[in-house]
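Step one of this worksheet: look at the structure below.
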Amino acid sequence: MSGCPEFRPKNQERNAVTQSASAPLPASVLEALARYDTPTICNAMEIVAPERRLIGYTTKPLVCPFPNLPPMVGYARTVSIRSVLKSDLPADEQARRRIAYYEYVGTGFGPRITVIQDIDGADVGYGAFWGEVQSNVHKALGCLGVITDGSIRDIPQWAPGFQALAGSIGPSHAWVHAESFGGEVRVAGMTVHSDDLIHADQHGAIVIPIDIAAKIPDAAELCGRRETPILDIARSPDFTLEKLKEALKRSAEIH
């Protein structure tokens with residue numbers, strides 16, 4: 001991403017905790033997507049939208065301190081941060097922007113996932129935006145977790161059940177502050193816009209286009225059926241190369 005998106009709060013007319021804008025997809029679709037891990041969603045995407053085979057997902061490794069948490073599915077709240085340079089805004093303006101940021105993060109389609117790009121360049125991750133306080137605040141605001149190329153800290157005090165995918169883990173927050181929100185961000189190779197539908201787990205994350213989201217669960221089931229004969233013979237004590245060839249043929253015939 002070149003430069004920083006304009007700092008502009010959105011959706012401030014809604015109460016962060018008690019209300020949410022009408023989501024573009026029924027909750028049942030998100031629940032169905034959450035039954036699968038993110039690699040399976042990627043496999044399903046190859047069937048439903050093969051043109052996205054090289055785009056829309058994280059391509060660089062991220063640290064996941066809570067690998068046993070289930071997949072999260074939610075709508076993106078996009079933010080850019082920096083920590084090496086101190087904000088040059090007066091204290092009252094910084095306070096106003098912090099409230100505007102929380103109003104943005106806590107409103108709109110729900111559930112939500114915060115996606116944060118650290119724009120410190122070579123010093124990415126220098127200071128942690130995320131720790132005990134922010135994980136608990138964002139959880140209270142209706143977020144399921146965070147995906148960031150920046151750093152996180154306070155792992156033992158982290159909000160229970162709040163997922164994290166981060167570029168690194170570090171001890172200090174330095175001069176970290178939100179530079180902008182609501183614009184395009186790029187995290188670990190994945191480009192995200194505000195309100196994009198995100199699926200993520202310990203493996204990484206992927207953007208699911210709204211117009212094909214409802215097709216993904218059936219495609220995921222198809223992927224599973226195609227893998228079953230191959231896995232059955234691979235795990236069998238009677239495995240042979242000939243049986244593998246037969247299983248591969250059966251797999252290719254499943255539609």
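Every chain in the structure tokens takes a letter, A first, then B, and so on in the order presented; its residues are numbered from 1, and the ligands are numbered from 1 following the presented order.
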- All residues 7 Å or closer to Ala220 (chain A), only C-alpha atoms, same chain fewer than 3 positions away omitted, as a PyMOL selection string: chain A and resi 40-41+44+216-217+223-224
Dump of N, CA and C atoms for the selected residues, as a PDB file, in the first residue's frame:
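Just written: again-v4.pdb:
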```pdb
ATOM      1  N   THR A  40      -8.982 -25.509   4.123  1.00  0.00           N
ATOM      2  CA  THR A  40     -10.118 -26.087   3.417  1.00  0.00           C
ATOM      3  C   THR A  40     -10.903 -25.006   2.683  1.00  0.00           C
ATOM      4  N   ILE A  41     -11.049 -23.841   3.305  1.00  0.00           N
ATOM      5  CA  ILE A  41     -11.712 -22.727   2.628  1.00  0.00           C
ATOM      6  C   ILE A  41     -10.935 -22.328   1.382  1.00  0.00           C
ATOM      7  N   ALA A  44     -11.696 -24.826  -1.270  1.00  0.00           N
ATOM      8  CA  ALA A  44     -13.031 -24.597  -1.817  1.00  0.00           C
ATOM      9  C   ALA A  44     -13.049 -23.391  -2.745  1.00  0.00           C
ATOM     10  N   ILE A 216     -19.319 -21.580  -0.787  1.00  0.00           N
ATOM     11  CA  ILE A 216     -18.082 -22.167  -0.279  1.00  0.00           C
ATOM     12  C   ILE A 216     -18.301 -23.437   0.549  1.00  0.00           C
ATOM     13  N   PRO A 217     -19.306 -23.486   1.455  1.00  0.00           N
ATOM     14  CA  PRO A 217     -19.461 -24.717   2.254  1.00  0.00           C
ATOM     15  C   PRO A 217     -19.686 -25.970   1.405  1.00  0.00           C
ATOM     16  N   CYS A 223     -14.531 -31.013  -1.608  1.00  0.00           N
ATOM     17  CA  CYS A 223     -13.096 -31.234  -1.389  1.00  0.00           C
ATOM     18  C   CYS A 223     -12.869 -32.403  -0.435  1.00  0.00           C
ATOM     19  N   GLY A 224     -13.667 -32.448   0.623  1.00  0.00           N
ATOM     20  CA  GLY A 224     -13.538 -33.532   1.591  1.00  0.00           C
ATOM     21  C   GLY A 224     -13.848 -34.885   0.984  1.00  0.00           C
TER      22      GLY A 224
END
```
- Message: Using DSSP assignments from the backbone, pull out every residue in region 22-73 of chain A that falls under alpha helix (DSSP H) and give it to me as a count of residues only.
- Response: 18
- Query: So how many Å separate CA of Gly150 (chain A) and CA of Val124 (chain A), to one decimal?
  - Reply: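 Between these atoms lies a distance of 5.9 Å.
Of the listed residues (A:Lys215, A:Ser180, A:Gln202, A:Phe162), A:Ser180 comes nearest to Gln94 (chain A); the distances count only C-alpha atoms.
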- Message: According to DSSP computed on the backbone, where in region 13-210 of chain A is there strand (DSSP E)? Give the residues as JSON, numbers by chain.
- Response: {"A": [72, 73, 74, 75, 76, 77, 78, 79, 80, 81, 82, 112, 113, 114, 115, 116, 117, 118, 128, 129, 130, 143, 144, 145, 146, 147, 148, 151, 152, 163, 164, 165, 168, 169, 177, 178, 179, 180, 181, 185, 186, 187, 190, 191, 192, 197, 198, 199, 200, 201, 204, 205, 206, 207, 208]}
Go ahead and dump the residues you just picked, C-alpha atoms, as a PDB file, in the first residue's frame.
```pdb
ATOM      1  CA  MET A  72     -13.083 -17.071  13.018  1.00  0.00           C
ATOM      2  CA  VAL A  73     -15.315 -15.565  10.336  1.00  0.00           C
ATOM      3  CA  GLY A  74     -16.192 -11.888  10.366  1.00  0.00           C
ATOM      4  CA  TYR A  75     -16.217  -8.553   8.580  1.00  0.00           C
ATOM      5  CA  ALA A  76     -13.019  -6.540   8.433  1.00  0.00           C
ATOM      6  CA  ARG A  77     -12.288  -3.317  10.282  1.00  0.00           C
ATOM      7  CA  THR A  78      -9.141  -1.984   8.635  1.00  0.00           C
ATOM      8  CA  VAL A  79      -6.491   0.090  10.399  1.00  0.00           C
ATOM      9  CA  SER A  80      -2.948   1.314   9.807  1.00  0.00           C
ATOM     10  CA  ILE A  81      -0.571   1.930  12.706  1.00  0.00           C
ATOM     11  CA  ARG A  82       2.954   3.138  13.353  1.00  0.00           C
ATOM     12  CA  ARG A 112     -15.922  -8.180  13.111  1.00  0.00           C
ATOM     13  CA  ILE A 113     -12.226  -8.912  12.731  1.00  0.00           C
ATOM     14  CA  THR A 114      -9.639  -6.141  13.073  1.00  0.00           C
ATOM     15  CA  VAL A 115      -7.045  -6.142  10.287  1.00  0.00           C
ATOM     16  CA  ILE A 116      -4.091  -3.865  11.051  1.00  0.00           C
ATOM     17  CA  GLN A 117      -1.182  -2.942   8.800  1.00  0.00           C
ATOM     18  CA  ASP A 118       1.981  -1.676  10.480  1.00  0.00           C
ATOM     19  CA  ALA A 128       2.936  -3.527  19.882  1.00  0.00           C
ATOM     20  CA  PHE A 129      -0.527  -2.045  19.438  1.00  0.00           C
ATOM     21  CA  TRP A 130      -2.044  -5.238  20.833  1.00  0.00           C
ATOM     22  CA  CYS A 143     -14.463  -8.287  17.447  1.00  0.00           C
ATOM     23  CA  LEU A 144     -13.419 -11.929  17.206  1.00  0.00           C
ATOM     24  CA  GLY A 145      -9.712 -11.327  16.808  1.00  0.00           C
ATOM     25  CA  VAL A 146      -6.937  -9.446  15.055  1.00  0.00           C
ATOM     26  CA  ILE A 147      -4.802 -10.047  11.981  1.00  0.00           C
ATOM     27  CA  THR A 148      -1.714  -7.834  11.820  1.00  0.00           C
ATOM     28  CA  SER A 151       3.637  -7.113  16.971  1.00  0.00           C
ATOM     29  CA  ILE A 152       1.559  -8.220  19.964  1.00  0.00           C
ATOM     30  CA  GLN A 163      -7.738 -14.873  18.240  1.00  0.00           C
ATOM     31  CA  ALA A 164      -4.470 -13.299  17.086  1.00  0.00           C
ATOM     32  CA  LEU A 165      -2.375 -13.651  13.953  1.00  0.00           C
ATOM     33  CA  SER A 168       5.831 -10.909  15.771  1.00  0.00           C
ATOM     34  CA  ILE A 169       5.690 -10.845  19.563  1.00  0.00           C
ATOM     35  CA  HIS A 177      -0.836   4.764  17.546  1.00  0.00           C
ATOM     36  CA  ALA A 178      -3.537   4.338  14.923  1.00  0.00           C
ATOM     37  CA  GLU A 179      -2.578   6.409  11.909  1.00  0.00           C
ATOM     38  CA  SER A 180      -5.769   5.853   9.905  1.00  0.00           C
ATOM     39  CA  PHE A 181      -8.715   3.509   9.565  1.00  0.00           C
ATOM     40  CA  VAL A 185      -4.585  -2.335   4.083  1.00  0.00           C
ATOM     41  CA  ARG A 186      -2.165  -5.077   3.116  1.00  0.00           C
ATOM     42  CA  VAL A 187      -1.145  -7.613   5.745  1.00  0.00           C
ATOM     43  CA  MET A 190      -3.401 -10.137   1.797  1.00  0.00           C
ATOM     44  CA  THR A 191      -5.149  -6.956   0.632  1.00  0.00           C
ATOM     45  CA  VAL A 192      -8.230  -6.115   2.703  1.00  0.00           C
ATOM     46  CA  LEU A 197     -15.497 -11.030   4.795  1.00  0.00           C
ATOM     47  CA  ILE A 198     -12.506 -12.740   6.423  1.00  0.00           C
ATOM     48  CA  HIS A 199     -11.913 -16.375   7.379  1.00  0.00           C
ATOM     49  CA  ALA A 200      -8.886 -17.053   9.575  1.00  0.00           C
ATOM     50  CA  ASP A 201      -7.292 -19.613  11.862  1.00  0.00           C
ATOM     51  CA  GLY A 204      -3.527 -17.653   8.098  1.00  0.00           C
ATOM     52  CA  ALA A 205      -6.439 -15.753   6.599  1.00  0.00           C
ATOM     53  CA  ILE A 206      -8.397 -15.373   3.375  1.00  0.00           C
ATOM     54  CA  VAL A 207     -10.850 -12.815   1.991  1.00  0.00           C
ATOM     55  CA  ILE A 208     -14.106 -14.415   0.834  1.00  0.00           C
TER      56      ILE A 208
END
```
- In Å, with one decimal, what is the gap from CA of Cys42 (chain A) to CA of Asp196 (chain A)?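 Taking CA of Cys42 (chain A) as the start and CA of Asp196 (chain A) as the end point, the length is 15.9 Å.
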- By how many Å are CA of Ala122 (chain A) and CA of Asp149 (chain A) apart? 11.9 Å
- Find the spatial neighbours of Ala140 (chain A), counting only C-alpha atoms, within a cut-off of 12 Å - ignore same-chain residues fewer than 5 positions away - and output them as a list in words.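 Surrounding residues, per the criterion: Ala16, Val17, Thr18, Tyr102, Val105, Gly106, Thr107, Pro111, Arg112, Val133, Gln134, Ser135, Gly145, Ala159, Pro160, Gly161 and Phe162 of chain A.
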Go ahead and write the selection's residues with N, CA, C and O atoms as a CSV table (one decimal), in the first residue's frame.
```
chain,number,residue,atom,x,y,z
A,16,ALA,N,-21.8,0.9,19.8
A,16,ALA,CA,-20.8,-0.1,19.5
A,16,ALA,C,-21.2,-1.5,20.1
A,16,ALA,O,-20.8,-2.5,19.5
A,17,VAL,N,-21.8,-1.5,21.2
A,17,VAL,CA,-22.0,-2.7,21.9
A,17,VAL,C,-23.4,-3.3,21.6
A,17,VAL,O,-23.5,-4.5,21.4
A,18,THR,N,-24.4,-2.5,21.5
A,18,THR,CA,-25.8,-3.0,21.4
A,18,THR,C,-26.4,-3.1,20.1
A,18,THR,O,-27.4,-3.8,19.9
A,102,TYR,N,-12.5,3.7,18.0
A,102,TYR,CA,-13.3,2.7,18.7
A,102,TYR,C,-14.7,2.7,18.1
A,102,TYR,O,-15.3,1.6,18.0
A,105,VAL,N,-14.5,0.7,14.9
A,105,VAL,CA,-14.2,-0.7,15.1
A,105,VAL,C,-15.5,-1.4,15.7
A,105,VAL,O,-15.8,-2.6,15.4
A,106,GLY,N,-16.2,-0.7,16.6
A,106,GLY,CA,-17.3,-1.3,17.3
A,106,GLY,C,-18.6,-1.2,16.6
A,106,GLY,O,-19.7,-1.5,17.2
A,107,THR,N,-18.7,-0.7,15.3
A,107,THR,CA,-19.9,-0.6,14.6
A,107,THR,C,-19.8,-1.2,13.2
A,107,THR,O,-18.7,-1.6,12.8
A,111,PRO,N,-20.3,-10.4,13.1
A,111,PRO,CA,-19.1,-10.1,13.9
A,111,PRO,C,-18.0,-9.5,13.1
A,111,PRO,O,-18.0,-9.5,11.9
A,112,ARG,N,-17.0,-8.9,13.8
A,112,ARG,CA,-15.9,-8.2,13.1
A,112,ARG,C,-14.5,-8.7,13.5
A,112,ARG,O,-14.3,-9.3,14.5
A,133,VAL,N,-4.9,-4.8,27.2
A,133,VAL,CA,-5.9,-3.8,27.1
A,133,VAL,C,-6.7,-3.9,25.8
A,133,VAL,O,-7.9,-4.0,25.8
A,134,GLN,N,-6.0,-3.8,24.7
A,134,GLN,CA,-6.6,-3.7,23.4
A,134,GLN,C,-7.4,-5.0,23.1
A,134,GLN,O,-8.5,-5.0,22.5
A,135,SER,N,-6.9,-6.2,23.4
A,135,SER,CA,-7.6,-7.4,23.1
A,135,SER,C,-8.9,-7.5,23.9
A,135,SER,O,-9.9,-7.9,23.4
A,145,GLY,N,-11.2,-11.2,16.8
A,145,GLY,CA,-9.7,-11.3,16.8
A,145,GLY,C,-9.0,-10.3,16.0
A,145,GLY,O,-9.7,-9.4,15.4
A,159,ALA,N,-7.2,-11.4,26.1
A,159,ALA,CA,-8.6,-11.7,26.3
A,159,ALA,C,-8.9,-13.1,25.9
A,159,ALA,O,-8.6,-13.5,24.8
A,160,PRO,N,-9.6,-13.9,26.8
A,160,PRO,CA,-9.9,-15.3,26.4
A,160,PRO,C,-10.7,-15.4,25.2
A,160,PRO,O,-11.7,-14.7,25.0
A,161,GLY,N,-10.3,-16.3,24.3
A,161,GLY,CA,-11.1,-16.6,23.1
A,161,GLY,C,-10.9,-15.6,22.0
A,161,GLY,O,-11.5,-15.8,20.9
A,162,PHE,N,-10.1,-14.6,22.2
A,162,PHE,CA,-9.8,-13.6,21.2
A,162,PHE,C,-8.6,-14.0,20.3
A,162,PHE,O,-7.5,-14.1,20.9
```
- Tell me which of A:Ala188, A:Gly121, A:Leu141, A:Val84 sits closest to Val176 (chain A), counting only C-alpha atoms.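 Answer, going by the shortest atom-to-atom distance: A:Val84.
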- Item | Selected residue of minimal separation from Gly56 (chain A) among A:Leu222, A:Arg153, A:His193, A:Ala91, counting only C-alpha atoms |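 Residue with the minimum atom-to-atom distance to Gly56 (chain A): A:His193.
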